[in-house]
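Below is one structure, written out as structure tokens; comments come after it.
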Amino acid sequence: MPERQDSLVVERPPSVDALARSLAATGLPHPMLVDIAREAIASGDVESAPARAATAARRLLGPVVNATGVLLHTNLGRAPLAVTADATYTNLELDLTTGQRGSRQDRVGPLLARACGAEAAIVVNNGAAAVLLALAALAGEGGRVAVSRGELIEIGGGFRIPDVLASSGAQLVEVGTTNRTRVADFQRAGDLALAMKVHPSNYRLTGFTETVSTRALCDGVKAPVLVDIGSGLLDAATPWLASGPPSWLTGEPAARQTLADGAALVTFSGDKLLGGPQAGILAGRADLVAACARHPLARALRPGSLVLSALQAVALAYLRRDGDAIPLWRMATIPVDALRARAEAMGVGKVVDCRSVTGGGTLPGVEIPSCGVAVEGDVLMSLRDAEPPIIARVEDDATICDLRTVDPAQDDHVAAVVRACCRGRQQARTTNP
């Protein structure tokens, strides 16, 4: 019964445990529900508890439908990849031939080296780590590393080349100018531990510019040349694609060609144009790769068995020349006519031609013809409220679901949610003419 105080009825708040148990249908663990219940009671708004629980659930990692047309969307995990694993042990660091302890780098590294024409390769946990390890191992404390001023870039998350160099212990030697750098600038830098070229990512210089090619740099300096190609294209010839390299890849640096031009070592990401999990790859001369593997940082930066297993599957697909087994390449190379047929089959919204991009700091300004369905106005929030959420984009006061980045198995879900959005907008116009 409510207590009476000074003739006023004071409602007792529910117990924390009772409120938490009433939220069990959300599927969240009970300790999380207890925290949510306490917050709701403390705020004086017990009725907000279900909404708070729903918000907490949506903050957890979960699948989304990428209808943005950005193939390597950083906010959505970059390259899509299906990873499944049984609850079992693996031979992560066991040599099954000898029965002795082995190295986790002996699994995927040789496969990637074979795929890109390197003598050797190792894997770390991301692209930035690959650059850091290479600089720390090959330049060491005080080793002089020459980089063109036009390549001292900053990319997403505050990753700055000068800061990475400083963290590695190497000494940065800036050469050239922001817009023009020549081989002679590197030659005037004196004795170097390394000469370094950096992929510009989503940054471009145009106009009165000059850069040094990998081949020219390798021919012109005595120091080993380290090239961060960034996006992870293995081979510009794309032998894993039956139709050959798509036109939108023109000019993108690739590991095989960079090594063939004389680079001693290349570094790149696993979750960009490689189409694998988040990882960093160092590939090149066997002695330099071995030096990186021996450095103390290599243990701190090494990936776990799940990443290596996923990357192994991707590497084997490349060696089989099976681009269809890599979701990124399957999506990137779907003909526009096939996308248009899917859009028309949905029977919702308006079928529209649109443009996709690679994203993830790769190929800035390059667009890929695509097709999708459009709905009048901004319905992004309604799409995100779906289960699973659909992430799209707004252009010219219309919401576009670009099908290039949507798996065909998700078409029915997209169609149903878009249809519901259309009905909702129609009802709103009827109610408020």
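In the structure tokens, each chain is lettered A, B, ... as it comes, each chain's residues begin at 1, and ligands are numbered from 1 in order of appearance.
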Notebook entry, point to check: Which neighbours of Arg299 (chain A) fall inside 12 Å, counting only C-alpha atoms, when residues of the same chain fewer than 3 positions from it are skipped, and could you give them as a list in words?
Noted result: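 Returned residues: Ser103, Arg104, Gln105, Ile122, Val123, Val124, Asn125, Ala129, Leu133, Cys292, Ala293, Arg294, His295, Pro296, Arg302, Pro303 and Gly304 of chain A.
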Output as a tab-separated table one row per residue of region 146-250 of chain A within 8 Å of region 274-289 of chain A: the closest atom pair and its distance in Å to one decimal place, counting only C-alpha atoms, sorted by chain and residue number ascending.
residue	atom	partner	partner_atom	distance
A:Ser231	CA	A:Leu274	CA	7.5
A:Gly232	CA	A:Leu274	CA	5.1
A:Leu233	CA	A:Leu274	CA	5.7
A:Leu234	CA	A:Leu274	CA	6.8
Notebook entry, point to check: Which of these, A:Ala392, A:Leu96, A:Ala242, A:Ala264, has the shortest distance to Thr405 (chain A) once you count only C-alpha atoms?
Noted result: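 Counting only C-alpha atoms, the residue closest to Thr405 (chain A) is A:Ala392.
The residue that comes closest to Glu151 (chain A), out of A:Pro239, A:Gly176, A:Gly109, A:Gly244 and on the basis of only C-alpha atoms, is A:Gly176.
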Checklist line | Pro50 (chain A) surroundings by only C-alpha atoms, 10 Å radius, close-in-sequence under 6 positions cut, as number ranges by chain | finding: A: 19-20, 22-26, 33, 36-37, 40, 56
Check: Pick from A:Thr358, A:Thr177, A:Thr209, A:Thr267: nearest to Ala79 (chain A), with only C-alpha atoms counted?
Finding: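 Going through A:Thr358, A:Thr177, A:Thr209, A:Thr267 one by one, the smallest distance to Ala79 (chain A) is for A:Thr358.
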Notebook entry, point to check: Counting only C-alpha atoms, what is within 12 Å of region 215-223 of chain A, bar same-chain residues fewer than 2 positions away, as a PyMOL selection string?
Noted result: chain A and resi 138-139+143-148+181-197+211-213+225-227+257-265
Need to verify the contact set: Thr206 (chain A), 12 Å, only C-alpha atoms, exclusion of same-chain residues closer than 6 positions in sequence. Can you return it as an mmCIF file with N, CA and C atoms, in the first residue's frame?
data_model
loop_
_atom_site.group_PDB
_atom_site.id
_atom_site.type_symbol
_atom_site.label_atom_id
_atom_site.label_comp_id
_atom_site.auth_asym_id
_atom_site.auth_seq_id
_atom_site.Cartn_x
_atom_site.Cartn_y
_atom_site.Cartn_z
ATOM 1 N N GLY A 150 55.344 16.013 -49.146
ATOM 2 C CA GLY A 150 53.998 15.830 -49.685
ATOM 3 C C GLY A 150 53.324 14.553 -49.237
ATOM 4 N N THR A 178 56.096 20.442 -50.356
ATOM 5 C CA THR A 178 54.763 19.860 -50.251
ATOM 6 C C THR A 178 54.252 19.368 -51.597
ATOM 7 N N ASN A 179 54.519 20.137 -52.660
ATOM 8 C CA ASN A 179 53.936 19.783 -53.953
ATOM 9 C C ASN A 179 54.917 19.152 -54.938
ATOM 10 N N ARG A 180 56.242 19.265 -54.675
ATOM 11 C CA ARG A 180 57.194 18.721 -55.640
ATOM 12 C C ARG A 180 58.385 18.078 -54.911
#
Note to self: So that I can check the secondary structure, give me every residue of region 138-357 of chain A assigned alpha helix (DSSP H) by backbone DSSP, as number ranges by chain.
What the structure shows: A: 138, 161-168, 183-187, 214-220, 255-260, 286-294, 296-301, 305-319, 327-332, 336-346
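Among the candidates A:Ala170, A:Ala317, A:Val373, A:Ala49, the one nearest to Ala345 (chain A) when counting only C-alpha atoms is A:Val373.
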Next item on the list: Go ahead and compute the interatomic distance for CA of Phe268 (chain A) and CA of Arg114 (chain A), in Å to one decimal.
Entry: 15.5 Å
Checklist line | strand (DSSP E) residues, from DSSP on the backbone, in region 307-408 of chain A, as number ranges by chain | finding: A: 350-356, 368-376, 390-391, 393-395, 398-402
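Minimum distance to Leu301 (chain A) across A:Ser167, A:Ser382, A:Ser269, A:Asn126 (counting only C-alpha atoms) occurs at A:Asn126.
Among the candidates A:Gln410, A:Ala134, A:Lys272, A:Val164, the one nearest to Pro224 (chain A) when counting only C-alpha atoms is A:Ala134.
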